[in-house]
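> Structure: coords.txt, compact mmCIF, C-alpha atoms.
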# COMPACT_ATOMS: atom_id res chain seq x y z
CA MET A 130 60.36 -25.55 -79.19
CA THR A 131 61.35 -21.91 -79.19
CA GLY A 132 64.75 -20.69 -80.29
CA CYS A 133 67.22 -18.35 -78.70
CA TRP A 134 68.22 -14.84 -79.73
CA ILE A 135 71.64 -13.41 -78.93
CA ALA A 136 72.57 -9.83 -79.84
CA LEU A 137 76.14 -8.58 -80.14
CA GLU A 138 76.35 -4.95 -79.08
CA GLY A 139 79.03 -2.28 -78.93
CA GLY A 140 80.23 0.98 -80.42
CA GLU A 141 81.89 1.61 -83.78
CA GLY A 142 85.20 -0.27 -84.01
CA SER A 143 84.36 -2.58 -81.11
CA GLY A 144 84.70 -5.64 -83.32
CA LYS A 145 81.15 -6.81 -82.60
CA SER A 146 80.36 -7.56 -86.28
CA THR A 147 83.38 -9.84 -86.51
CA GLN A 148 82.47 -11.44 -83.20
CA ALA A 149 78.84 -11.92 -84.26
CA ARG A 150 80.08 -13.81 -87.32
CA ARG A 151 82.42 -15.99 -85.27
CA LEU A 152 79.80 -16.71 -82.61
CA ALA A 153 77.16 -17.68 -85.18
CA SER A 154 79.67 -20.01 -86.81
CA ALA A 155 80.64 -21.59 -83.48
CA LEU A 156 77.00 -22.16 -82.52
CA GLY A 157 75.67 -23.11 -85.96
CA ALA A 158 73.30 -20.20 -85.59
CA VAL A 159 71.47 -17.92 -88.00
CA LEU A 160 73.57 -14.78 -88.51
CA THR A 161 71.72 -11.53 -89.12
CA ARG A 162 72.00 -7.82 -88.39
CA GLU A 163 70.25 -4.53 -87.66
CA PRO A 164 69.90 -2.40 -89.59
CA GLY A 165 69.89 -4.25 -92.90
CA GLY A 166 68.84 -7.84 -92.13
CA THR A 167 66.13 -7.89 -94.85
CA ALA A 168 65.95 -6.68 -98.46
CA LEU A 169 63.86 -3.69 -97.38
CA GLY A 170 66.12 -3.19 -94.37
CA ALA A 171 69.16 -2.98 -96.64
CA ARG A 172 67.50 -0.02 -98.39
CA ILE A 173 66.67 1.56 -95.01
CA ARG A 174 70.27 1.01 -93.88
CA GLU A 175 71.44 2.89 -96.95
CA LEU A 176 69.27 5.87 -95.96
CA LEU A 177 70.62 5.73 -92.42
CA LEU A 178 74.32 5.40 -93.09
CA SER A 179 75.01 7.09 -96.42
CA PRO A 180 76.56 10.53 -96.03
CA ALA A 181 73.92 13.25 -95.85
CA GLU A 182 72.75 14.76 -99.11
CA PRO A 183 71.75 18.41 -99.28
CA ALA A 184 68.18 18.46 -98.01
CA ALA A 185 65.48 20.15 -100.04
CA GLY A 186 62.29 21.21 -98.31
CA ALA A 187 58.96 21.43 -100.08
CA ALA A 188 58.61 24.20 -102.63
CA GLY A 189 58.40 27.49 -100.83
CA ALA A 190 59.25 26.06 -97.43
CA ALA A 191 61.05 28.46 -95.12
CA GLY A 192 64.10 27.60 -93.07
CA ALA A 193 66.53 24.74 -93.17
CA ALA A 194 66.32 23.31 -89.66
CA GLY A 195 67.35 19.68 -89.72
CA ALA A 196 68.81 20.06 -93.20
CA ALA A 197 72.21 18.69 -92.18
CA GLY A 198 71.97 14.92 -91.86
CA MET A 199 68.64 13.95 -90.42
CA ASP A 200 66.54 14.72 -87.38
CA PRO A 201 67.34 12.40 -84.44
CA ARG A 202 63.70 11.27 -84.30
CA THR A 203 63.83 10.39 -88.01
CA GLU A 204 66.92 8.32 -87.31
CA THR A 205 65.18 6.55 -84.43
CA LEU A 206 62.07 5.78 -86.47
CA LEU A 207 64.05 4.51 -89.47
CA MET A 208 65.94 2.17 -87.13
CA ALA A 209 62.61 1.02 -85.70
CA ALA A 210 61.13 0.47 -89.18
CA ASP A 211 64.09 -1.72 -90.08
CA ARG A 212 63.61 -3.54 -86.77
CA ALA A 213 59.91 -4.23 -87.32
CA GLU A 214 60.63 -5.75 -90.72
CA HIS A 215 63.57 -7.73 -89.39
CA PHE A 216 61.55 -9.07 -86.50
CA ALA A 217 58.59 -10.08 -88.67
CA ALA A 218 60.54 -11.58 -91.56
CA VAL A 219 63.66 -13.05 -89.91
CA ILE A 220 63.77 -13.14 -86.11
CA SER A 221 60.26 -14.30 -85.32
CA PRO A 222 60.15 -17.16 -87.89
CA ALA A 223 63.63 -18.34 -86.86
CA LEU A 224 62.70 -18.41 -83.18
CA ALA A 225 59.44 -20.19 -83.97
CA ALA A 226 61.45 -22.83 -85.83
CA GLY A 227 63.60 -23.37 -82.74
CA LEU A 228 66.75 -21.89 -84.22
CA VAL A 229 69.50 -19.95 -82.47
CA VAL A 230 69.87 -16.45 -83.92
CA VAL A 231 72.92 -14.21 -83.56
CA SER A 232 72.25 -10.60 -84.48
CA ASP A 233 74.87 -7.93 -85.11
CA ARG A 234 73.09 -5.19 -83.12
CA SER A 235 69.49 -5.05 -81.91
CA ALA A 236 67.04 -2.63 -80.29
CA TRP A 237 69.58 -2.10 -77.51
CA SER A 238 71.72 -0.16 -79.98
CA SER A 239 68.86 2.28 -80.49
CA LEU A 240 68.67 2.86 -76.75
CA ALA A 241 72.41 3.59 -76.61
CA TYR A 242 72.69 5.63 -79.81
CA GLN A 243 69.36 7.46 -80.06
CA GLY A 244 68.20 7.26 -76.45
CA TYR A 245 71.48 8.14 -74.71
CA ALA A 246 73.89 9.65 -77.25
CA ARG A 247 71.22 11.63 -79.15
CA GLU A 248 69.62 12.42 -75.80
CA LEU A 249 66.08 11.48 -76.86
CA GLY A 250 65.62 9.51 -73.64
CA ALA A 251 65.68 5.74 -73.27
CA GLY A 252 61.96 5.56 -72.39
CA ALA A 253 60.50 6.75 -75.69
CA VAL A 254 63.05 4.83 -77.74
CA ARG A 255 62.43 1.68 -75.71
CA GLY A 256 58.65 1.98 -76.20
CA ILE A 257 58.93 2.34 -79.97
CA SER A 258 61.33 -0.61 -80.26
CA ASP A 259 59.11 -2.67 -78.00
CA TRP A 260 56.18 -2.06 -80.34
CA ALA A 261 58.30 -2.89 -83.40
CA MET A 262 59.20 -6.28 -81.85
CA HIS A 263 55.80 -7.14 -80.34
CA GLY A 264 57.43 -6.96 -76.92
CA ARG A 265 60.01 -9.71 -77.63
CA TRP A 266 63.62 -8.75 -76.81
CA PRO A 267 66.89 -10.65 -77.29
CA ASP A 268 67.42 -13.38 -74.73
CA LEU A 269 70.97 -12.20 -74.18
CA ALA A 270 72.92 -9.12 -75.25
CA VAL A 271 76.72 -9.38 -75.33
CA LEU A 272 78.45 -6.02 -74.95
CA VAL A 273 81.84 -6.07 -76.66
CA ASP A 274 83.51 -3.25 -74.78
CA VAL A 275 86.74 -1.59 -75.93
CA PRO A 276 88.52 1.58 -74.84
CA PRO A 277 87.91 4.53 -77.21
CA ALA A 278 91.53 4.59 -78.37
CA VAL A 279 91.35 0.93 -79.43
CA ALA A 280 88.09 1.51 -81.32
CA ALA A 281 89.50 4.58 -83.08
CA GLY A 282 92.61 2.64 -84.06
CA ARG A 283 90.55 -0.18 -85.55
CA LEU A 284 88.42 2.21 -87.58
CA ALA A 285 91.53 3.98 -88.88
CA ALA A 286 93.15 0.65 -89.76
CA ALA A 287 90.04 -0.35 -91.72
CA GLY A 288 91.08 2.35 -94.19
CA ARG A 289 87.64 3.11 -95.63
CA VAL A 290 85.34 6.13 -95.69
CA PRO A 291 83.43 6.20 -92.37
CA ASP A 292 79.64 6.01 -92.56
CA ARG A 293 77.40 8.71 -91.09
CA LEU A 294 77.41 7.28 -87.57
CA GLU A 295 81.09 6.28 -87.55
CA ALA A 296 81.92 9.84 -88.57
CA GLU A 297 80.42 11.32 -85.40
CA GLY A 298 82.90 12.87 -82.97
CA ALA A 299 84.63 11.40 -79.94
CA SER A 300 82.11 12.87 -77.50
CA PHE A 301 79.26 11.10 -79.32
CA HIS A 302 81.10 7.80 -79.23
CA GLY A 303 81.83 8.36 -75.54
CA LEU A 304 78.11 8.82 -74.90
CA VAL A 305 77.33 5.64 -76.82
CA ARG A 306 79.81 3.68 -74.71
CA ALA A 307 78.43 5.13 -71.48
CA GLY A 308 74.90 4.37 -72.68
CA PHE A 309 75.74 0.72 -73.31
CA ALA A 310 77.40 0.47 -69.89
CA ALA A 311 74.30 1.94 -68.22
CA LEU A 312 71.95 -0.40 -70.07
CA ALA A 313 74.03 -3.45 -69.15
CA ALA A 314 74.18 -2.36 -65.51
CA ASP A 315 70.41 -1.77 -65.42
CA SER A 316 69.51 -5.23 -66.75
CA PRO A 317 72.24 -7.66 -65.63
CA ASP A 318 69.96 -10.63 -66.34
CA ARG A 319 69.78 -9.69 -70.02
CA TRP A 320 73.37 -8.54 -70.58
CA VAL A 321 76.90 -9.83 -70.32
CA VAL A 322 79.92 -7.55 -70.76
CA VAL A 323 83.01 -8.94 -72.51
CA ASP A 324 86.41 -7.26 -72.73
CA GLY A 325 86.85 -6.60 -76.46
CA ASP A 326 90.53 -5.58 -76.27
CA GLY A 327 92.87 -8.21 -77.67
CA SER A 328 93.17 -10.51 -80.67
CA GLU A 329 90.09 -11.57 -82.60
CA GLU A 330 90.60 -15.14 -81.39
CA ALA A 331 91.00 -14.16 -77.74
CA VAL A 332 87.84 -12.06 -77.77
CA ALA A 333 85.93 -14.80 -79.60
CA ALA A 334 86.85 -17.28 -76.89
CA ARG A 335 85.64 -14.86 -74.22
CA VAL A 336 82.34 -14.25 -76.04
CA LEU A 337 81.68 -17.98 -76.49
CA ALA A 338 82.53 -18.71 -72.86
CA ALA A 339 80.22 -15.92 -71.67
CA VAL A 340 77.35 -17.17 -73.82
CA ASN A 341 77.83 -20.79 -72.71
CA ASP A 342 77.94 -19.62 -69.13
CA ARG A 343 74.62 -17.81 -69.44
CA LEU A 344 72.61 -19.91 -71.87
CA ALA A 345 72.10 -23.66 -72.05
CA LEU A 346 72.62 -24.06 -75.82
CA MET B 82 53.52 35.16 -84.58
CA THR B 83 52.84 31.50 -85.20
CA GLY B 84 51.57 30.11 -88.46
CA CYS B 85 48.73 27.80 -89.29
CA TRP B 86 48.81 24.19 -90.49
CA ILE B 87 46.02 22.72 -92.61
CA ALA B 88 46.05 19.07 -93.70
CA LEU B 89 44.03 17.70 -96.61
CA GLU B 90 42.98 14.13 -95.91
CA GLY B 91 41.11 11.41 -97.77
CA GLY B 92 41.44 8.05 -99.45
CA GLU B 93 43.02 7.16 -102.80
CA GLY B 94 41.21 8.92 -105.63
CA SER B 95 39.50 11.42 -103.31
CA GLY B 96 41.10 14.34 -105.11
CA LYS B 97 42.81 15.65 -101.97
CA SER B 98 46.19 16.21 -103.66
CA THR B 99 44.56 18.39 -106.31
CA GLN B 100 42.57 20.20 -103.64
CA ALA B 101 45.68 20.73 -101.48
CA ARG B 102 47.36 22.41 -104.45
CA ARG B 103 44.36 24.63 -105.13
CA LEU B 104 43.92 25.57 -101.48
CA ALA B 105 47.60 26.46 -101.06
CA SER B 106 47.39 28.61 -104.15
CA ALA B 107 44.22 30.38 -102.94
CA LEU B 108 45.75 31.08 -99.53
CA GLY B 109 49.29 31.89 -100.68
CA ALA B 110 50.40 29.05 -98.43
CA VAL B 111 53.37 26.70 -98.37
CA LEU B 112 52.36 23.46 -100.14
CA THR B 113 53.90 20.25 -98.88
CA ARG B 114 53.06 16.59 -98.43
CA GLU B 115 53.46 13.38 -96.42
CA PRO B 116 55.13 11.14 -97.22
CA GLY B 117 57.79 12.81 -99.36
CA GLY B 118 57.94 16.46 -98.26
CA THR B 119 61.74 16.42 -97.83
CA ALA B 120 64.65 15.02 -99.85
CA LEU B 121 65.02 12.16 -97.37
CA GLY B 122 61.24 11.77 -97.26
CA ALA B 123 61.13 11.34 -101.03
CA ARG B 124 63.45 8.35 -100.63
CA ILE B 125 61.28 6.97 -97.82
CA ARG B 126 58.18 7.50 -99.97
CA GLU B 127 59.80 5.40 -102.67
CA LEU B 128 60.30 2.55 -100.17
CA LEU B 129 56.68 2.86 -99.07
CA LEU B 130 54.92 3.05 -102.40
CA SER B 131 57.04 1.17 -104.92
CA PRO B 132 55.71 -2.32 -105.66
CA ALA B 133 57.17 -4.93 -103.35
CA GLU B 134 60.40 -6.59 -104.35
CA PRO B 135 61.04 -10.20 -103.46
CA ALA B 136 62.28 -10.06 -99.89
CA ALA B 137 65.50 -11.81 -98.93
CA GLY B 138 66.12 -12.70 -95.32
CA ALA B 139 69.58 -12.86 -93.81
CA ALA B 140 71.75 -15.73 -94.92
CA GLY B 141 70.44 -18.92 -93.40
CA ALA B 142 67.24 -17.39 -92.07
CA ALA B 143 64.28 -19.72 -91.91
CA GLY B 144 60.79 -18.91 -93.14
CA ALA B 145 59.46 -16.13 -95.27
CA ALA B 146 56.77 -14.54 -93.08
CA GLY B 147 56.28 -10.94 -94.06
CA ALA B 148 58.12 -11.44 -97.34
CA ALA B 149 55.24 -10.14 -99.46
CA GLY B 150 55.16 -6.34 -99.26
CA MET B 151 56.13 -5.19 -95.81
CA ASP B 152 55.02 -5.72 -92.24
CA PRO B 153 52.27 -3.25 -91.17
CA ARG B 154 54.46 -2.01 -88.32
CA THR B 155 57.30 -1.37 -90.76
CA GLU B 156 54.91 0.68 -92.88
CA THR B 157 53.78 2.64 -89.82
CA LEU B 158 57.33 3.38 -88.69
CA LEU B 159 58.49 4.42 -92.17
CA MET B 160 55.55 6.83 -92.34
CA ALA B 161 56.51 8.16 -88.91
CA ALA B 162 60.17 8.56 -89.93
CA ASP B 163 59.09 10.60 -92.93
CA ARG B 164 56.85 12.62 -90.60
CA ALA B 165 59.60 13.39 -88.10
CA GLU B 166 61.87 14.69 -90.85
CA HIS B 167 59.05 16.67 -92.45
CA PHE B 168 58.08 18.22 -89.15
CA ALA B 169 61.65 19.18 -88.22
CA ALA B 170 62.74 20.46 -91.64
CA VAL B 171 59.56 21.95 -93.15
CA ILE B 172 56.51 22.25 -90.88
CA SER B 173 58.11 23.55 -87.70
CA PRO B 174 60.27 26.24 -89.37
CA ALA B 175 57.34 27.40 -91.52
CA LEU B 176 55.03 27.70 -88.52
CA ALA B 177 57.73 29.53 -86.56
CA ALA B 178 58.00 31.99 -89.45
CA GLY B 179 54.27 32.66 -89.25
CA LEU B 180 53.43 30.99 -92.54
CA VAL B 181 50.31 29.09 -93.51
CA VAL B 182 51.12 25.49 -94.49
CA VAL B 183 48.88 23.21 -96.52
CA SER B 184 49.91 19.57 -96.37
CA ASP B 185 48.69 16.80 -98.66
CA ARG B 186 48.16 14.21 -95.87
CA SER B 187 49.45 14.25 -92.29
CA ALA B 188 49.63 11.99 -89.24
CA TRP B 189 45.86 11.56 -89.48
CA SER B 190 46.41 9.43 -92.58
CA SER B 191 48.52 7.04 -90.52
CA LEU B 192 45.69 6.67 -88.02
CA ALA B 193 43.23 5.87 -90.82
CA TYR B 194 45.52 3.63 -92.90
CA GLN B 195 47.72 1.87 -90.35
CA GLY B 196 45.60 2.32 -87.22
CA TYR B 197 42.19 1.45 -88.66
CA ALA B 198 42.64 -0.26 -92.03
CA ARG B 199 45.73 -2.28 -91.00
CA GLU B 200 44.07 -2.82 -87.62
CA LEU B 201 47.13 -1.86 -85.57
CA GLY B 202 44.96 0.31 -83.33
CA ALA B 203 44.76 4.08 -83.36
CA GLY B 204 46.35 4.41 -79.92
CA ALA B 205 49.82 3.09 -80.75
CA VAL B 206 49.92 4.82 -84.13
CA ARG B 207 48.79 8.09 -82.55
CA GLY B 208 51.50 7.86 -79.89
CA ILE B 209 54.28 7.27 -82.42
CA SER B 210 53.10 10.15 -84.64
CA ASP B 211 52.75 12.40 -81.62
CA TRP B 212 56.39 11.74 -80.72
CA ALA B 213 57.50 12.34 -84.33
CA MET B 214 55.82 15.78 -84.28
CA HIS B 215 56.77 16.81 -80.72
CA GLY B 216 53.05 16.79 -79.87
CA ARG B 217 52.10 19.42 -82.48
CA TRP B 218 49.19 18.40 -84.76
CA PRO B 219 47.59 20.19 -87.73
CA ASP B 220 45.33 23.05 -86.71
CA LEU B 221 42.66 21.80 -89.09
CA ALA B 222 42.20 18.61 -91.09
CA VAL B 223 39.92 18.77 -94.13
CA LEU B 224 38.46 15.40 -95.06
CA VAL B 225 37.69 15.25 -98.78
CA ASP B 226 35.11 12.50 -98.76
CA VAL B 227 33.95 10.70 -101.89
CA PRO B 228 31.90 7.53 -102.44
CA PRO B 229 34.04 4.46 -103.25
CA ALA B 230 32.71 4.24 -106.81
CA VAL B 231 33.77 7.83 -107.53
CA ALA B 232 37.25 7.23 -106.11
CA ALA B 233 37.66 4.03 -108.13
CA GLY B 234 36.54 5.82 -111.29
CA ARG B 235 39.07 8.60 -110.78
CA LEU B 236 41.93 6.15 -110.22
CA ALA B 237 40.94 4.22 -113.35
CA ALA B 238 40.72 7.45 -115.35
CA ALA B 239 44.22 8.44 -114.19
CA GLY B 240 45.46 5.56 -116.35
CA ARG B 241 48.70 4.82 -114.52
CA VAL B 242 50.10 1.88 -112.57
CA PRO B 243 48.68 2.04 -109.04
CA ASP B 244 51.19 2.34 -106.20
CA ARG B 245 51.35 -0.23 -103.38
CA LEU B 246 48.61 1.39 -101.29
CA GLU B 247 46.36 2.30 -104.22
CA ALA B 248 46.56 -1.34 -105.30
CA GLU B 249 44.94 -2.59 -102.07
CA GLY B 250 41.46 -4.06 -102.44
CA ALA B 251 38.04 -2.47 -101.99
CA SER B 252 37.65 -3.72 -98.42
CA PHE B 253 40.90 -1.99 -97.41
CA HIS B 254 39.78 1.29 -98.98
CA GLY B 255 36.43 0.90 -97.24
CA LEU B 256 38.21 0.58 -93.90
CA VAL B 257 40.29 3.68 -94.68
CA ARG B 258 37.15 5.68 -95.42
CA ALA B 259 35.44 4.46 -92.25
CA GLY B 260 38.60 5.26 -90.28
CA PHE B 261 38.67 8.84 -91.53
CA ALA B 262 34.97 9.25 -90.73
CA ALA B 263 35.53 7.96 -87.19
CA LEU B 264 38.52 10.24 -86.64
CA ALA B 265 36.58 13.29 -87.87
CA ALA B 266 33.61 12.41 -85.67
CA ASP B 267 35.86 11.92 -82.63
CA SER B 268 37.57 15.32 -82.95
CA PRO B 269 35.06 17.74 -84.52
CA ASP B 270 37.12 20.73 -83.33
CA ARG B 271 40.10 19.57 -85.44
CA TRP B 272 38.26 18.28 -88.52
CA VAL B 273 35.91 19.50 -91.21
CA VAL B 274 34.32 17.11 -93.72
CA VAL B 275 33.81 18.32 -97.30
CA ASP B 276 31.82 16.53 -99.99
CA GLY B 277 34.44 15.66 -102.61
CA ASP B 278 32.00 14.53 -105.30
CA GLY B 279 31.69 17.03 -108.14
CA SER B 280 33.90 19.13 -110.37
CA GLU B 281 37.37 20.16 -109.24
CA GLU B 282 36.21 23.80 -109.08
CA ALA B 283 33.07 23.01 -107.09
CA VAL B 284 35.00 20.99 -104.51
CA ALA B 285 37.71 23.67 -104.30
CA ALA B 286 35.07 26.28 -103.48
CA ARG B 287 33.68 24.04 -100.74
CA VAL B 288 37.14 23.44 -99.26
CA LEU B 289 38.00 27.14 -99.23
CA ALA B 290 34.65 28.07 -97.69
CA ALA B 291 35.07 25.42 -94.99
CA VAL B 292 38.59 26.61 -94.15
CA ASN B 293 37.51 30.27 -94.04
CA ASP B 294 34.61 29.32 -91.83
CA ARG B 295 36.87 27.57 -89.33
CA LEU B 296 40.09 29.59 -89.38
CA ALA B 297 40.65 33.33 -89.29
CA LEU B 298 43.29 33.48 -92.03
Please express what this file holds, its structure, as structure tokens.


Amino acid sequence: MTGCWIALEGGEGSGKSTQARRLASALGAVLTREPGGTALGARIRELLLSPAEPAAGAAGAAGAAGAAGMDPRTETLLMAADRAEHFAAVISPALAAGLVVVSDRSAWSSLAYQGYARELGAGAVRGISDWAMHGRWPDLAVLVDVPPAVAAGRLAAAGRVPDRLEAEGASFHGLVRAGFAALAADSPDRWVVVDGDGSEEAVAARVLAAVNDRLAL
Amino acid sequence: MTGCWIALEGGEGSGKSTQARRLASALGAVLTREPGGTALGARIRELLLSPAEPAAGAAGAAGAAGAAGMDPRTETLLMAADRAEHFAAVISPALAAGLVVVSDRSAWSSLAYQGYARELGAGAVRGISDWAMHGRWPDLAVLVDVPPAVAAGRLAAAGRVPDRLEAEGASFHGLVRAGFAALAADSPDRWVVVDGDGSEEAVAARVLAAVNDRLAL
């Protein structure tokens, strides 16, 4: 018996973390996340999302290129490192045990964020993620799609300091949203798009209906 | 004017870090290292080399595969993330400024350690490193080669707690040494092998002579 792997995807403020939690509860599934689904991954997540520290090059190094934040390829490879660990330690054993797994984000997020929004190209990012996961991708990705104004309002209402990716500008978040839409359109057999505007309960009902419609769980 | 990039390579206890320092001093070069040549890289290095902590999967996750230490692909991708940051923030600006850079390890170490000794295959590891460095490799790699017994004696004499990679067994270190030898034999135009057995001064003279023989610095 092999399990089933469902990824909740979407931009910052889309509500996908909340929806991942609700879906896992409704299905009696394993709830996990990327980045940060393992002990090592939690430390990698900290590197990825904590506000940038002043970078110091090696002694005597010239220049400060890439000093603000981190290089986009560094970001991509840290995400992939987290993913490899998560796949080996959590996803793969759970699937082998026949469990249903709901993950708050997956490799698809790297394609949208680093491939599209950071403009590194989906091909290279896809290849690296594919290697990290031994070629196994989520059985279904659920895109929780919300208009930018709704997402911005939710982040503001959360009333906390935004992390490094949340703090990116509106044009970045627009690219992420367009990237997700393109990915879902390119692979309709692996994606379902759900309207994420509305109450938590209303969206949860839509997500569960979409998953039941697509998977025989 | 473009600079020149020399990497010192070798197994644990080969003396390559000492020799990198001496070579950089002799050449008036920038001295740097992988992993850990940037502020972010120092944090990644800590993840890579600190003894493994007990891994905790996500809540409810089944199984504990990969819980000891880290998955070999995770290790590879963390090394590559460090490399991307190092290349963008230190190596590339230094080369653009026409400087000579001496690096204690480089992508070649990943091919020997993760590609050969972890048996992930040199092809995949080479491709990921190539992407991290935008296709730019060291101009010359100097392999500081020592017999296993000499390396083990130096590590024992150092009298400190071995890091996660140093603590691997003799068969692992044997694979690393064989990997380096194969890489050097495959690309003789990009490698020079130096006998690392002998006094620090004697080896330093050999390294400097080999570099002068191969590069017009």

> Can you work out the spacing between atom CA of B:Lys97 and atom CA of B:Asp185 in Å, to one decimal?

6.8 Å

> Please list as a list in words every residue within 10 Å of A:Asp274, counting only C-alpha atoms and excluding residues in the same chain fewer than 5 positions away.

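The contact residues come out as Glu138, Gly139, Gly140, Gly142, Ser143, Gly144, Lys145, Ala280, Arg306, Phe309, Ala310, Val322, Val323, Asp324, Gly325 and Asp326 of chain A.
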
> Please tell me which residues are no farther than 7 Å from (68.6, 10.1, -99.4) in the file, counting all atoms listed in the file, and write them as a PDB file with C-alpha atoms, in the coordinates of the input.


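New file selection22.pdb:
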ATOM      1  CA  LEU A 176      69.270   5.870 -95.960  1.00  0.00           C
ATOM      2  CA  GLU A 182      72.750  14.760 -99.110  1.00  0.00           C
TER       3      GLU A 182
ATOM      4  CA  ALA B 120      64.650  15.020 -99.850  1.00  0.00           C
ATOM      5  CA  LEU B 121      65.020  12.160 -97.370  1.00  0.00           C
ATOM      6  CA  ARG B 124      63.450   8.350-100.630  1.00  0.00           C
TER       7      ARG B 124
END

> Which residues are close to stretch 153-155 of chain B, i.e. within 12 Å by all atoms listed in the file, leaving aside same-chain residues fewer than 5 positions away? Reply as a PyMOL selection string.

(chain A and resi 167+169-170+173+206-218+257-263) or (chain B and resi 125+128-129+147-148+160-162+191+194-202+205-206+209+246)

> Between B:Ser173, B:Ser190, B:Thr113, B:Ser268, which has the minimum distance to chain A (counting all atoms listed in the file)?

B:Thr113

> Rounded to one decimal in Å, what is the spacing between atom CA of B:Gly260 and atom CA of A:Gly252?

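Computed distance, atom CA of B:Gly260 to atom CA of A:Gly252, equals 29.4 Å.
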
> Please report the interatomic distance between atom CA of B:Trp272 and atom CA of B:Ala230 in Å with one decimal.

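According to the coordinates, atom CA of B:Trp272 and atom CA of B:Ala230 are separated by 23.7 Å.
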
> I need the residue nearest B:Ala283 from this list: B:Phe253, B:Arg103, B:Glu115, B:Asp244. Use all atoms listed in the file for the distance.

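The closest residue to B:Ala283 is B:Arg103.
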
> In terms of the shortest atom-to-atom distance over all atoms listed in the file, which of A:Pro164, A:Pro222, A:Gly256, A:Gly157 is closest to chain B?

A:Pro222

> At a cut-off of 12 Å around the point (34.7, -2.3, -99.7) (file coordinates), what residues fall inside when counting only C-alpha atoms? I'd like the answer as an NGL selection string.

:B and (198 or 228-230 or 232-233 or 249-259)
